[in-house]
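Novice: Dropping the structure in here first, questions after.
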Amino acid sequence: MLDIVIEARDAAISASMKVKRILPFRLRRMVGPFIFMDHAGPVTDIPSNPSTLDVLPHPHIGLSTVSYLFGGQVTHRDSLGVEQIILPGEVNWMTAGRGIAHSERFEDPSALTGGLEMIQTWVALPEKDEEAAPAFNNYKPAELPIFTDKGVWMRLIAGDAYGLRNDVKIKSPLFYLHVVLESGARFGLPKEHSERGFYIVKGSIEITGNIYHAGQMLVFTPSVDPLIVAKESTTLMLLGGEPLGERFIWWNFVSSRKERIEQAKEDWKQGRIILPPNDNREFVPLPDDKSKPAGGTPKPEPLS
């Protein structure tokens, strides 16, 4: 049966970047190892100063951030010295481990004219990997297998599903797919994993006579195999996997231990999580810090 329907909520991650926040939700914190999901855009009205879209350097621990674009481009910079432009169909997979800072900037206005749209998820790390060394990988579309069938197109972003696999480096069993359905197409969830759900990016679908629309995430109880029927051209993001156990989340920090969250707060205050060496002139302060980064960017609210 359908376990829960999550309605996306409005949130802001920078002065001009508004997002739809799906996870975490108070009644459903995680789906498999996925603990966070934001849908940014489509942004078609680009501000006169595109830098107000930028997400300034900020810290993470205990998770991997997964960025996937439908349109536009984003420049990623992090504490490792990585500078990577991500384009539509690519995956940026950054593992924070014991601590990393990164920024996401929109530096080429011409690349945004067709509309900026991005999904970012966070994947919690198994306890044994929470203090691992930070790492970053960019994966090109050619590295992400595509499957097509009548009325169905899908790309495997990470993990395994429907017999598809790729070399994206993951730490626990999961699946993550970009799926496009033509009107009338019928589709089912993968059966390889115990926790499964999908987010409707655009369009609408029908399950057992009920209609669901863009901006909703549907999560299903284990062993239930719903028949998904596209009511129009529809884009879905499928995700799930095996649960990792309880995780605490505060602002950008995730951990299996509350005290580790407190340590991360102090580490960011004291500068022990270094800024990206090629983007270190401004940053997002800890939300309870009264200081403001250069440019007056508003402080984000804690997630919990």
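Naming scheme: A, B, ... for chains in displayed order of the structure tokens; residues 1 onward per chain; ligands 1 onward as shown.
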Which residues, written as number ranges by chain, have at least one atom at most 12 Å from Leu177 of chain A, with only C-alpha atoms counted and residues fewer than 2 positions away on the same chain left out?

Specialist: A: 68, 89, 91, 119, 144-147, 153-162, 164-166, 174-175, 179-180, 189-190, 196-199, 235-241

Novice: Generate the output file for the selected residues, N, CA and C atoms, as a CSV table (one decimal), in the first residue's frame.

Specialist:
```csv
chain,number,residue,atom,x,y,z
A,68,TYR,N,22.0,16.8,-9.6
A,68,TYR,CA,21.6,16.3,-10.9
A,68,TYR,C,20.8,17.5,-11.6
A,89,GLY,N,22.3,16.2,-17.2
A,89,GLY,CA,22.5,14.8,-17.4
A,89,GLY,C,23.8,14.3,-16.7
A,91,VAL,N,26.2,13.9,-13.1
A,91,VAL,CA,26.0,13.8,-11.6
A,91,VAL,C,27.3,14.3,-10.9
A,119,ILE,N,17.9,18.9,-9.2
A,119,ILE,CA,17.5,18.1,-8.0
A,119,ILE,C,18.8,17.9,-7.2
A,144,LEU,N,26.3,6.8,-17.3
A,144,LEU,CA,25.0,6.5,-16.6
A,144,LEU,C,24.1,5.8,-17.6
A,145,PRO,N,23.9,4.5,-17.5
A,145,PRO,CA,23.1,3.7,-18.4
A,145,PRO,C,21.7,4.2,-18.6
A,146,ILE,N,21.2,4.1,-19.9
A,146,ILE,CA,19.9,4.5,-20.2
A,146,ILE,C,19.1,3.2,-20.7
A,147,PHE,N,17.9,3.2,-20.4
A,147,PHE,CA,17.0,2.1,-20.8
A,147,PHE,C,15.7,2.7,-21.4
A,153,TRP,N,11.5,6.2,-20.8
A,153,TRP,CA,12.9,6.5,-20.9
A,153,TRP,C,13.4,6.6,-19.5
A,154,MET,N,14.5,6.0,-19.2
A,154,MET,CA,15.1,6.1,-17.8
A,154,MET,C,16.6,6.1,-17.9
A,155,ARG,N,17.2,6.9,-16.9
A,155,ARG,CA,18.6,6.9,-16.7
A,155,ARG,C,18.9,6.5,-15.3
A,156,LEU,N,19.8,5.6,-15.1
A,156,LEU,CA,20.3,5.2,-13.8
A,156,LEU,C,21.3,6.2,-13.3
A,157,ILE,N,21.0,6.9,-12.3
A,157,ILE,CA,21.9,7.9,-11.7
A,157,ILE,C,22.9,7.2,-10.8
A,158,ALA,N,22.4,6.2,-10.0
A,158,ALA,CA,23.3,5.5,-9.0
A,158,ALA,C,22.7,4.3,-8.5
A,159,GLY,N,23.5,3.3,-8.1
A,159,GLY,CA,23.0,2.1,-7.5
A,159,GLY,C,22.6,1.0,-8.5
A,160,ASP,N,21.5,0.3,-8.3
A,160,ASP,CA,21.1,-0.8,-9.2
A,160,ASP,C,19.6,-0.9,-9.2
A,161,ALA,N,19.0,-1.1,-10.3
A,161,ALA,CA,17.6,-1.2,-10.5
A,161,ALA,C,17.2,-1.7,-11.9
A,162,TYR,N,16.2,-2.5,-12.0
A,162,TYR,CA,15.8,-3.0,-13.3
A,162,TYR,C,16.9,-3.7,-14.1
A,164,LEU,N,19.9,-2.7,-14.2
A,164,LEU,CA,20.9,-1.7,-14.6
A,164,LEU,C,21.9,-1.5,-13.4
A,165,ARG,N,23.1,-1.3,-13.8
A,165,ARG,CA,24.2,-0.9,-12.8
A,165,ARG,C,25.1,0.1,-13.4
A,166,ASN,N,25.8,0.9,-12.6
A,166,ASN,CA,26.9,1.7,-13.1
A,166,ASN,C,28.0,1.8,-12.1
A,174,LEU,N,21.4,1.1,-2.8
A,174,LEU,CA,20.4,2.1,-3.1
A,174,LEU,C,20.1,2.1,-4.6
A,175,PHE,N,19.1,2.9,-4.9
A,175,PHE,CA,18.8,3.1,-6.4
A,175,PHE,C,18.3,4.6,-6.5
A,179,VAL,N,13.4,9.2,-14.7
A,179,VAL,CA,12.4,8.5,-15.5
A,179,VAL,C,11.5,9.5,-16.2
A,180,VAL,N,11.3,9.3,-17.5
A,180,VAL,CA,10.4,10.1,-18.3
A,180,VAL,C,9.4,9.2,-18.9
A,189,LEU,N,7.7,0.1,-9.9
A,189,LEU,CA,8.9,0.4,-9.1
A,189,LEU,C,9.8,-0.8,-9.2
A,190,PRO,N,11.1,-0.6,-9.0
A,190,PRO,CA,12.1,-1.7,-8.9
A,190,PRO,C,11.8,-2.6,-7.7
A,196,ARG,N,11.2,2.2,-1.1
A,196,ARG,CA,11.1,2.8,-2.5
A,196,ARG,C,10.1,3.9,-2.5
A,197,GLY,N,10.4,4.9,-3.3
A,197,GLY,CA,9.5,6.0,-3.5
A,197,GLY,C,9.8,6.7,-4.8
A,198,PHE,N,9.0,7.7,-5.1
A,198,PHE,CA,9.4,8.6,-6.3
A,198,PHE,C,8.8,10.0,-6.1
A,199,TYR,N,9.5,10.9,-6.7
A,199,TYR,CA,9.0,12.3,-6.6
A,199,TYR,C,8.6,12.7,-8.0
A,235,THR,N,7.7,13.4,-15.6
A,235,THR,CA,9.1,13.2,-15.2
A,235,THR,C,9.1,12.8,-13.7
A,236,LEU,N,9.7,11.7,-13.4
A,236,LEU,CA,9.8,11.2,-12.1
A,236,LEU,C,11.3,11.0,-11.7
A,237,MET,N,11.6,11.2,-10.4
A,237,MET,CA,12.8,10.8,-9.8
A,237,MET,C,12.5,9.6,-8.8
A,238,LEU,N,13.0,8.4,-9.1
A,238,LEU,CA,12.8,7.3,-8.3
A,238,LEU,C,14.0,7.1,-7.4
A,239,LEU,N,13.8,6.8,-6.1
A,239,LEU,CA,14.9,6.6,-5.1
A,239,LEU,C,14.5,5.7,-4.0
A,240,GLY,N,15.5,5.2,-3.4
A,240,GLY,CA,15.3,4.3,-2.2
A,240,GLY,C,16.5,3.4,-1.9
A,241,GLY,N,16.3,2.4,-1.2
A,241,GLY,CA,17.4,1.5,-0.9
A,241,GLY,C,17.1,0.8,0.5
```

Novice: Mind checking which residues fall within 9 Å of segment 100-109 of chain A, counting only C-alpha atoms, ignoring those fewer than 6 positions away in the same chain, and posting them as an MDAnalysis selection string?

Specialist: chainID A and resid 46 50:61 72:80 134:135 273:276 279 283

Novice: Taking only C-alpha atoms into account, which of A:Trp122, A:Tyr176, A:Phe187, A:Phe34 comes nearest Thr148 of chain A?

Specialist: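 When distances to Thr148 of chain A are compared using only C-alpha atoms, the smallest one comes from A:Phe187.
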
Novice: List every residue of segment 42-176 of chain A that DSSP, applied to the backbone, labels as strand (DSSP E or B), and write the result as a CSV table (one decimal) with C-alpha atoms, in the first residue's frame.

Specialist:
```
chain,number,residue,atom,x,y,z
A,42,PRO,CA,12.8,25.7,-13.2
A,43,VAL,CA,14.2,29.3,-12.9
A,55,VAL,CA,24.9,29.2,-2.6
A,56,LEU,CA,28.0,30.4,-0.7
A,57,PRO,CA,30.5,28.1,0.9
A,58,HIS,CA,28.9,26.0,3.6
A,59,PRO,CA,29.8,22.8,5.5
A,60,HIS,CA,28.7,19.2,5.5
A,61,ILE,CA,29.5,16.0,7.5
A,63,LEU,CA,26.6,12.4,4.0
A,64,SER,CA,27.1,12.5,0.2
A,65,THR,CA,25.5,15.3,-1.8
A,66,VAL,CA,24.1,14.3,-5.2
A,67,SER,CA,23.4,17.0,-7.7
A,68,TYR,CA,21.6,16.3,-10.9
A,69,LEU,CA,20.6,19.0,-13.5
A,70,PHE,CA,17.7,19.1,-16.0
A,71,GLY,CA,18.8,22.6,-17.3
A,74,VAL,CA,26.3,25.1,-11.8
A,75,THR,CA,30.0,25.6,-10.8
A,76,HIS,CA,31.0,23.5,-7.8
A,77,ARG,CA,34.0,24.4,-5.6
A,78,ASP,CA,35.0,22.5,-2.5
A,83,GLU,CA,36.3,23.1,-9.4
A,84,GLN,CA,33.7,21.4,-11.5
A,85,ILE,CA,31.0,22.7,-13.8
A,86,ILE,CA,28.0,20.4,-13.8
A,91,VAL,CA,26.0,13.8,-11.6
A,92,ASN,CA,28.2,15.5,-9.0
A,93,TRP,CA,28.7,13.1,-6.1
A,94,MET,CA,30.5,14.7,-3.2
A,95,THR,CA,31.1,12.6,0.0
A,100,ILE,CA,34.0,19.4,3.7
A,101,ALA,CA,32.8,22.8,2.6
A,102,HIS,CA,31.5,23.6,-0.9
A,103,SER,CA,29.8,26.3,-2.9
A,104,GLU,CA,27.4,26.2,-5.9
A,105,ARG,CA,27.6,29.2,-8.2
A,116,LEU,CA,17.9,26.4,-14.5
A,117,GLU,CA,16.5,23.2,-12.9
A,118,MET,CA,18.2,20.9,-10.5
A,119,ILE,CA,17.5,18.1,-8.0
A,120,GLN,CA,19.9,17.8,-5.0
A,121,THR,CA,19.6,14.8,-2.7
A,122,TRP,CA,21.7,13.8,0.3
A,123,VAL,CA,22.6,10.2,1.0
A,124,ALA,CA,23.4,9.4,4.6
A,135,ALA,CA,35.9,12.9,-1.9
A,136,PHE,CA,34.3,14.2,-5.1
A,137,ASN,CA,33.4,12.6,-8.4
A,138,ASN,CA,31.7,14.0,-11.5
A,139,TYR,CA,30.0,11.4,-13.8
A,146,ILE,CA,19.9,4.5,-20.2
A,147,PHE,CA,17.0,2.1,-20.8
A,148,THR,CA,14.0,2.7,-23.2
A,149,ASP,CA,10.8,0.8,-23.7
A,152,VAL,CA,9.5,4.9,-21.1
A,153,TRP,CA,12.9,6.5,-20.9
A,154,MET,CA,15.1,6.1,-17.8
A,155,ARG,CA,18.6,6.9,-16.7
A,156,LEU,CA,20.3,5.2,-13.8
A,157,ILE,CA,21.9,7.9,-11.7
A,158,ALA,CA,23.3,5.5,-9.0
A,159,GLY,CA,23.0,2.1,-7.5
A,160,ASP,CA,21.1,-0.8,-9.2
A,161,ALA,CA,17.6,-1.2,-10.5
A,164,LEU,CA,20.9,-1.7,-14.6
A,165,ARG,CA,24.2,-0.9,-12.8
A,174,LEU,CA,20.4,2.1,-3.1
A,175,PHE,CA,18.8,3.1,-6.4
A,176,TYR,CA,18.3,6.5,-8.0
```
